[in-house]
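S.K.: One structure follows; several queries about it will come next.
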Amino acid sequence: MILILSYDQYEQGTDPVIDWLLYYRKDFLRVSLSDIVRRKVRYQVDLQRQDILINGQSIKEKIKVIWHRRLMGESLTACFNQADLQQNQLYQLKAEVNQEISDLVQYLGVLFKDKKWLTSFEGFKVNKLWMLNLASQSGLSVPRSEVINNRRNLRMFYSRVGKSMISKPISDSREAYAKGDKTYLLFTNEMSEERIATLPDFFFPTLFQEKINIDFEIRTFYLDGKFSSTAVLNTSAKKEVDKKLYITSKNTHYVPYELPKEIEEKLHWTMMEAKLNTGCLDLMKDVNGNYIFIEVNPIGQYLAESERCNYHLDRFIAEWLIETDNT
Amino acid sequence: MKVTGNNTIFSESLLQKAPINYRYMVEIETSSFNEDAPGYRFSKSHRHSSKAFINANCYKPISDIIFQNFFADDEP
């Protein structure tokens, strides 16, 4: 049986795969964080037998393959009524409850460690800086990057990269801040002399990279050695430094793309070293024809490129899960 | 997505303690921010048959053409 660990509600990458599992009449069990913390389903984790019983039935032997997709991303603290607690108590309670459930989920990963995973708990949150190192070791080109905490070193790095530089979060920070009728987000920023001049002598450590003279971006969905790549062509006169700012523009075109075999082999090596069997890879092709590795998101969204390029990746994932479960 | 500029919602004293990216946050009109409510979705799952999400239909015919095919004539 297939175990799917995902959101209880809207998670655009999960449900289309489940539709295909239903179509193929394949047994699966979908578990969300809500299922674990709410009082809907009767279950127990038996540490002596190292087993999980749901409604009194053992599932450990039945499960052969696990598709782990954003289990811990779901908010489980919405049930806390802010009016019942002072602000500092609320923060502490949320942190403590999150840690409790995080440790429980970590143990579930230990119980199921001998199963076939599509993104293990360890691989779920890869380090962006380490991935740049791995990609570089594979022979891929990567942007020159430094984490800097002071203006003096930043100015020197700015000169070394030809005064063409960006800053971006080290982690995958994508939470939105709502304020009135405006929403605020962190994206990749272009750095200039003027911006550097306004910074204090010392600041919080921040990731800086050379800005690539880009021809176009490439988004690649990777699953168990197979690549499905999409070129994101933007015909706007003004190029943004972050593609998220123009993904829905009418000047953005998604086209099926085939990476050179040599690049795919290096990406495959990188993924193997990171112990990832799936992920969405971001690359750039610069104006000189070089392919530059940017980052990988192990649980990235794939449906937009899949739909626009007719890749049918939802069906591909479902068939991979079924095939793995049957072997 | 309607971007209205780069701005920050934090005070200078807070910015001193945060990565510099928070100084250049992208300001978007909430009504146009796809991830918050309206926007595209790319599946036809019944679970997602919500009025909050607009279904994006496939807009190009199914073919095996890939980007490089457009340049095939230029290759030796």
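Each chain in the structure tokens gets a letter, A, B, ..., in the order shown, and its residues are numbered from 1; ligands are numbered from 1 in order too.
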As a ChimeraX atom specification, which residues of stretch 78-255 of chain A does DSSP assign to alpha helix (DSSP H)?

M.R.: /A:87-111,128-137,151-160,193-197

S.K.: Listing only residues of chain A within 9 Å of chain B, what is the closest atom pair and its distance in Å (to one decimal) for each, using only C-alpha atoms, sorted by chain and residue number ascending, as JSON lines?

M.R.:
```
{"residue": "A:Gln9", "atom": "CA", "partner": "B:Arg47", "partner_atom": "CA", "distance": 8.4}
{"residue": "A:Tyr10", "atom": "CA", "partner": "B:His48", "partner_atom": "CA", "distance": 6.9}
{"residue": "A:Gln12", "atom": "CA", "partner": "B:Ser43", "partner_atom": "CA", "distance": 7.4}
{"residue": "A:Gly13", "atom": "CA", "partner": "B:Ser43", "partner_atom": "CA", "distance": 8.6}
{"residue": "A:Asp15", "atom": "CA", "partner": "B:Ser45", "partner_atom": "CA", "distance": 6.2}
{"residue": "A:Pro16", "atom": "CA", "partner": "B:Ser45", "partner_atom": "CA", "distance": 5.6}
{"residue": "A:Ile18", "atom": "CA", "partner": "B:Ser45", "partner_atom": "CA", "distance": 8.7}
{"residue": "A:Asp19", "atom": "CA", "partner": "B:Ser45", "partner_atom": "CA", "distance": 6.7}
{"residue": "A:Asn149", "atom": "CA", "partner": "B:Pro19", "partner_atom": "CA", "distance": 9.0}
{"residue": "A:Ser167", "atom": "CA", "partner": "B:Asn21", "partner_atom": "CA", "distance": 6.8}
{"residue": "A:Lys168", "atom": "CA", "partner": "B:Asn21", "partner_atom": "CA", "distance": 6.6}
{"residue": "A:Pro169", "atom": "CA", "partner": "B:Asn21", "partner_atom": "CA", "distance": 7.0}
{"residue": "A:Ala176", "atom": "CA", "partner": "B:Asp36", "partner_atom": "CA", "distance": 8.7}
{"residue": "A:Tyr177", "atom": "CA", "partner": "B:Ile9", "partner_atom": "CA", "distance": 8.4}
{"residue": "A:Ala178", "atom": "CA", "partner": "B:Thr30", "partner_atom": "CA", "distance": 7.5}
{"residue": "A:Lys179", "atom": "CA", "partner": "B:Ile9", "partner_atom": "CA", "distance": 8.1}
{"residue": "A:Gly180", "atom": "CA", "partner": "B:Thr30", "partner_atom": "CA", "distance": 8.3}
{"residue": "A:Asp181", "atom": "CA", "partner": "B:Thr30", "partner_atom": "CA", "distance": 5.4}
{"residue": "A:Lys182", "atom": "CA", "partner": "B:Glu29", "partner_atom": "CA", "distance": 4.7}
{"residue": "A:Thr183", "atom": "CA", "partner": "B:Ile28", "partner_atom": "CA", "distance": 5.1}
{"residue": "A:Tyr184", "atom": "CA", "partner": "B:Glu27", "partner_atom": "CA", "distance": 4.7}
{"residue": "A:Leu185", "atom": "CA", "partner": "B:Val26", "partner_atom": "CA", "distance": 5.3}
{"residue": "A:Leu186", "atom": "CA", "partner": "B:Met25", "partner_atom": "CA", "distance": 5.1}
{"residue": "A:Phe187", "atom": "CA", "partner": "B:Val26", "partner_atom": "CA", "distance": 6.8}
{"residue": "A:Thr188", "atom": "CA", "partner": "B:Asn21", "partner_atom": "CA", "distance": 8.0}
{"residue": "A:Asn189", "atom": "CA", "partner": "B:Tyr24", "partner_atom": "CA", "distance": 7.0}
{"residue": "A:Leu199", "atom": "CA", "partner": "B:Ile20", "partner_atom": "CA", "distance": 8.1}
{"residue": "A:Pro200", "atom": "CA", "partner": "B:Gln16", "partner_atom": "CA", "distance": 7.9}
{"residue": "A:Phe202", "atom": "CA", "partner": "B:Gln16", "partner_atom": "CA", "distance": 8.7}
{"residue": "A:Phe203", "atom": "CA", "partner": "B:Gln16", "partner_atom": "CA", "distance": 6.4}
{"residue": "A:Phe204", "atom": "CA", "partner": "B:Pro19", "partner_atom": "CA", "distance": 4.8}
{"residue": "A:Pro205", "atom": "CA", "partner": "B:Pro19", "partner_atom": "CA", "distance": 6.2}
{"residue": "A:Thr206", "atom": "CA", "partner": "B:Pro19", "partner_atom": "CA", "distance": 5.5}
{"residue": "A:Leu207", "atom": "CA", "partner": "B:Pro19", "partner_atom": "CA", "distance": 8.7}
{"residue": "A:Thr230", "atom": "CA", "partner": "B:Phe67", "partner_atom": "CA", "distance": 8.8}
{"residue": "A:Ala231", "atom": "CA", "partner": "B:Phe67", "partner_atom": "CA", "distance": 7.7}
{"residue": "A:Leu245", "atom": "CA", "partner": "B:Met1", "partner_atom": "CA", "distance": 7.4}
{"residue": "A:Tyr246", "atom": "CA", "partner": "B:Met1", "partner_atom": "CA", "distance": 8.1}
{"residue": "A:Thr248", "atom": "CA", "partner": "B:Met1", "partner_atom": "CA", "distance": 7.3}
{"residue": "A:Ser249", "atom": "CA", "partner": "B:Met1", "partner_atom": "CA", "distance": 8.2}
{"residue": "A:Val255", "atom": "CA", "partner": "B:Phe67", "partner_atom": "CA", "distance": 6.1}
{"residue": "A:Pro256", "atom": "CA", "partner": "B:Ile66", "partner_atom": "CA", "distance": 4.9}
{"residue": "A:Tyr257", "atom": "CA", "partner": "B:Phe67", "partner_atom": "CA", "distance": 5.2}
{"residue": "A:Glu258", "atom": "CA", "partner": "B:Ile66", "partner_atom": "CA", "distance": 7.0}
{"residue": "A:Leu303", "atom": "CA", "partner": "B:Phe42", "partner_atom": "CA", "distance": 5.8}
{"residue": "A:Ala304", "atom": "CA", "partner": "B:Phe42", "partner_atom": "CA", "distance": 5.9}
{"residue": "A:Ser306", "atom": "CA", "partner": "B:Phe42", "partner_atom": "CA", "distance": 8.5}
{"residue": "A:Glu307", "atom": "CA", "partner": "B:Cys58", "partner_atom": "CA", "distance": 6.2}
{"residue": "A:Arg308", "atom": "CA", "partner": "B:Cys58", "partner_atom": "CA", "distance": 6.2}
{"residue": "A:Cys309", "atom": "CA", "partner": "B:Ile62", "partner_atom": "CA", "distance": 8.1}
{"residue": "A:Asn310", "atom": "CA", "partner": "B:Ile62", "partner_atom": "CA", "distance": 6.3}
```

S.K.: Take the residues from that selection and write them out as a PDB file, in the first residue's frame, keeping C-alpha atoms.

M.R.:
```
ATOM      1  CA  GLN A   9      -6.524  20.695   2.349  1.00  0.00           C
ATOM      2  CA  TYR A  10      -5.286  22.460  -0.725  1.00  0.00           C
ATOM      3  CA  GLN A  12      -1.853  21.447  -5.572  1.00  0.00           C
ATOM      4  CA  GLY A  13       0.805  18.788  -6.150  1.00  0.00           C
ATOM      5  CA  ASP A  15      -4.516  15.718  -5.286  1.00  0.00           C
ATOM      6  CA  PRO A  16      -3.982  15.183  -9.038  1.00  0.00           C
ATOM      7  CA  ILE A  18      -4.456  10.821  -5.928  1.00  0.00           C
ATOM      8  CA  ASP A  19      -6.924  11.162  -8.792  1.00  0.00           C
ATOM      9  CA  ASN A 149      27.805  40.270   7.418  1.00  0.00           C
ATOM     10  CA  SER A 167      20.884  39.030  -2.536  1.00  0.00           C
ATOM     11  CA  LYS A 168      18.446  36.276  -1.610  1.00  0.00           C
ATOM     12  CA  PRO A 169      17.316  34.344   1.466  1.00  0.00           C
ATOM     13  CA  ALA A 176       3.727  36.572   2.849  1.00  0.00           C
ATOM     14  CA  TYR A 177       3.184  39.539   5.141  1.00  0.00           C
ATOM     15  CA  ALA A 178      -0.240  41.093   4.724  1.00  0.00           C
ATOM     16  CA  LYS A 179      -0.723  44.740   5.630  1.00  0.00           C
ATOM     17  CA  GLY A 180      -3.864  46.529   4.545  1.00  0.00           C
ATOM     18  CA  ASP A 181      -4.466  46.025   0.857  1.00  0.00           C
ATOM     19  CA  LYS A 182      -0.800  45.227   0.267  1.00  0.00           C
ATOM     20  CA  THR A 183       1.149  41.988   0.603  1.00  0.00           C
ATOM     21  CA  TYR A 184       4.912  41.913   1.162  1.00  0.00           C
ATOM     22  CA  LEU A 185       7.244  39.105   0.113  1.00  0.00           C
ATOM     23  CA  LEU A 186      10.921  38.309   0.027  1.00  0.00           C
ATOM     24  CA  PHE A 187      12.276  37.735  -3.454  1.00  0.00           C
ATOM     25  CA  THR A 188      15.703  37.882  -5.029  1.00  0.00           C
ATOM     26  CA  ASN A 189      16.967  41.480  -4.936  1.00  0.00           C
ATOM     27  CA  LEU A 199      23.630  49.511   4.710  1.00  0.00           C
ATOM     28  CA  PRO A 200      25.136  49.688   8.203  1.00  0.00           C
ATOM     29  CA  PHE A 202      27.593  45.261  10.108  1.00  0.00           C
ATOM     30  CA  PHE A 203      24.340  43.480   9.321  1.00  0.00           C
ATOM     31  CA  PHE A 204      22.690  40.092   9.684  1.00  0.00           C
ATOM     32  CA  PRO A 205      24.534  37.437   7.609  1.00  0.00           C
ATOM     33  CA  THR A 206      23.021  37.510   4.126  1.00  0.00           C
ATOM     34  CA  LEU A 207      23.580  35.457   0.984  1.00  0.00           C
ATOM     35  CA  THR A 230      10.795  23.455 -19.157  1.00  0.00           C
ATOM     36  CA  ALA A 231      12.338  26.616 -20.584  1.00  0.00           C
ATOM     37  CA  LEU A 245       7.585  38.125 -10.527  1.00  0.00           C
ATOM     38  CA  TYR A 246       6.739  37.300 -14.127  1.00  0.00           C
ATOM     39  CA  THR A 248       1.897  34.805 -14.895  1.00  0.00           C
ATOM     40  CA  SER A 249       2.873  37.538 -17.366  1.00  0.00           C
ATOM     41  CA  VAL A 255       8.293  25.495 -23.607  1.00  0.00           C
ATOM     42  CA  PRO A 256       9.389  21.840 -23.338  1.00  0.00           C
ATOM     43  CA  TYR A 257      13.160  21.723 -23.180  1.00  0.00           C
ATOM     44  CA  GLU A 258      15.800  19.037 -23.308  1.00  0.00           C
ATOM     45  CA  LEU A 303       1.900  21.214 -12.114  1.00  0.00           C
ATOM     46  CA  ALA A 304       2.253  24.547 -13.915  1.00  0.00           C
ATOM     47  CA  SER A 306       3.557  19.903 -16.438  1.00  0.00           C
ATOM     48  CA  GLU A 307       0.290  21.311 -17.740  1.00  0.00           C
ATOM     49  CA  ARG A 308       1.889  23.840 -20.041  1.00  0.00           C
ATOM     50  CA  CYS A 309       4.317  21.332 -21.555  1.00  0.00           C
ATOM     51  CA  ASN A 310       1.972  18.344 -21.594  1.00  0.00           C
TER      52      ASN A 310
END
```

S.K.: Taking the DSSP assignment computed from this structure's backbone, write out as an MDAnalysis selection string all residues of stretch 59-181 of chain A that belong to strand (DSSP E).

M.R.: chainID A and resid 65:68 116:118 145:150 165:168 177:179

S.K.: Hey, what's within 10 Å of A:Gly225 if we count only C-alpha atoms and toss same-chain stuff fewer than 4 positions away? As a CSV table (one decimal) with C-alpha atoms, in the first residue's frame, please?

M.R.:
```csv
chain,number,residue,atom,x,y,z
A,264,GLU,CA,21.6,15.8,-16.8
A,265,GLU,CA,24.3,13.4,-15.6
A,267,LEU,CA,22.4,16.9,-11.9
A,268,HIS,CA,21.7,13.2,-11.4
A,269,TRP,CA,25.0,12.9,-9.5
A,271,MET,CA,20.7,14.6,-6.5
A,272,MET,CA,22.2,11.2,-5.6
A,277,ASN,CA,15.1,10.9,-5.6
A,278,THR,CA,12.8,13.8,-6.6
```

S.K.: Looking at only C-alpha atoms, which of A:Glu210, A:Asp27, A:Asp46, A:Glu175 is the one that sits closest to A:Glu146?

M.R.: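 Of the candidates, the smallest distance to A:Glu146 is held by A:Glu210.
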
S.K.: List as a list in words the protein and nucleic acid residues near stretch 314-318 of chain A, meaning an atom at most 7 Å away when only C-alpha atoms are counted, but skip any in the same chain fewer than 3 places from it.

M.R.: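 Counting only C-alpha atoms, the residues come to Pro16, Val17, Trp20, Leu21, Leu321 and Ile322 of chain A.
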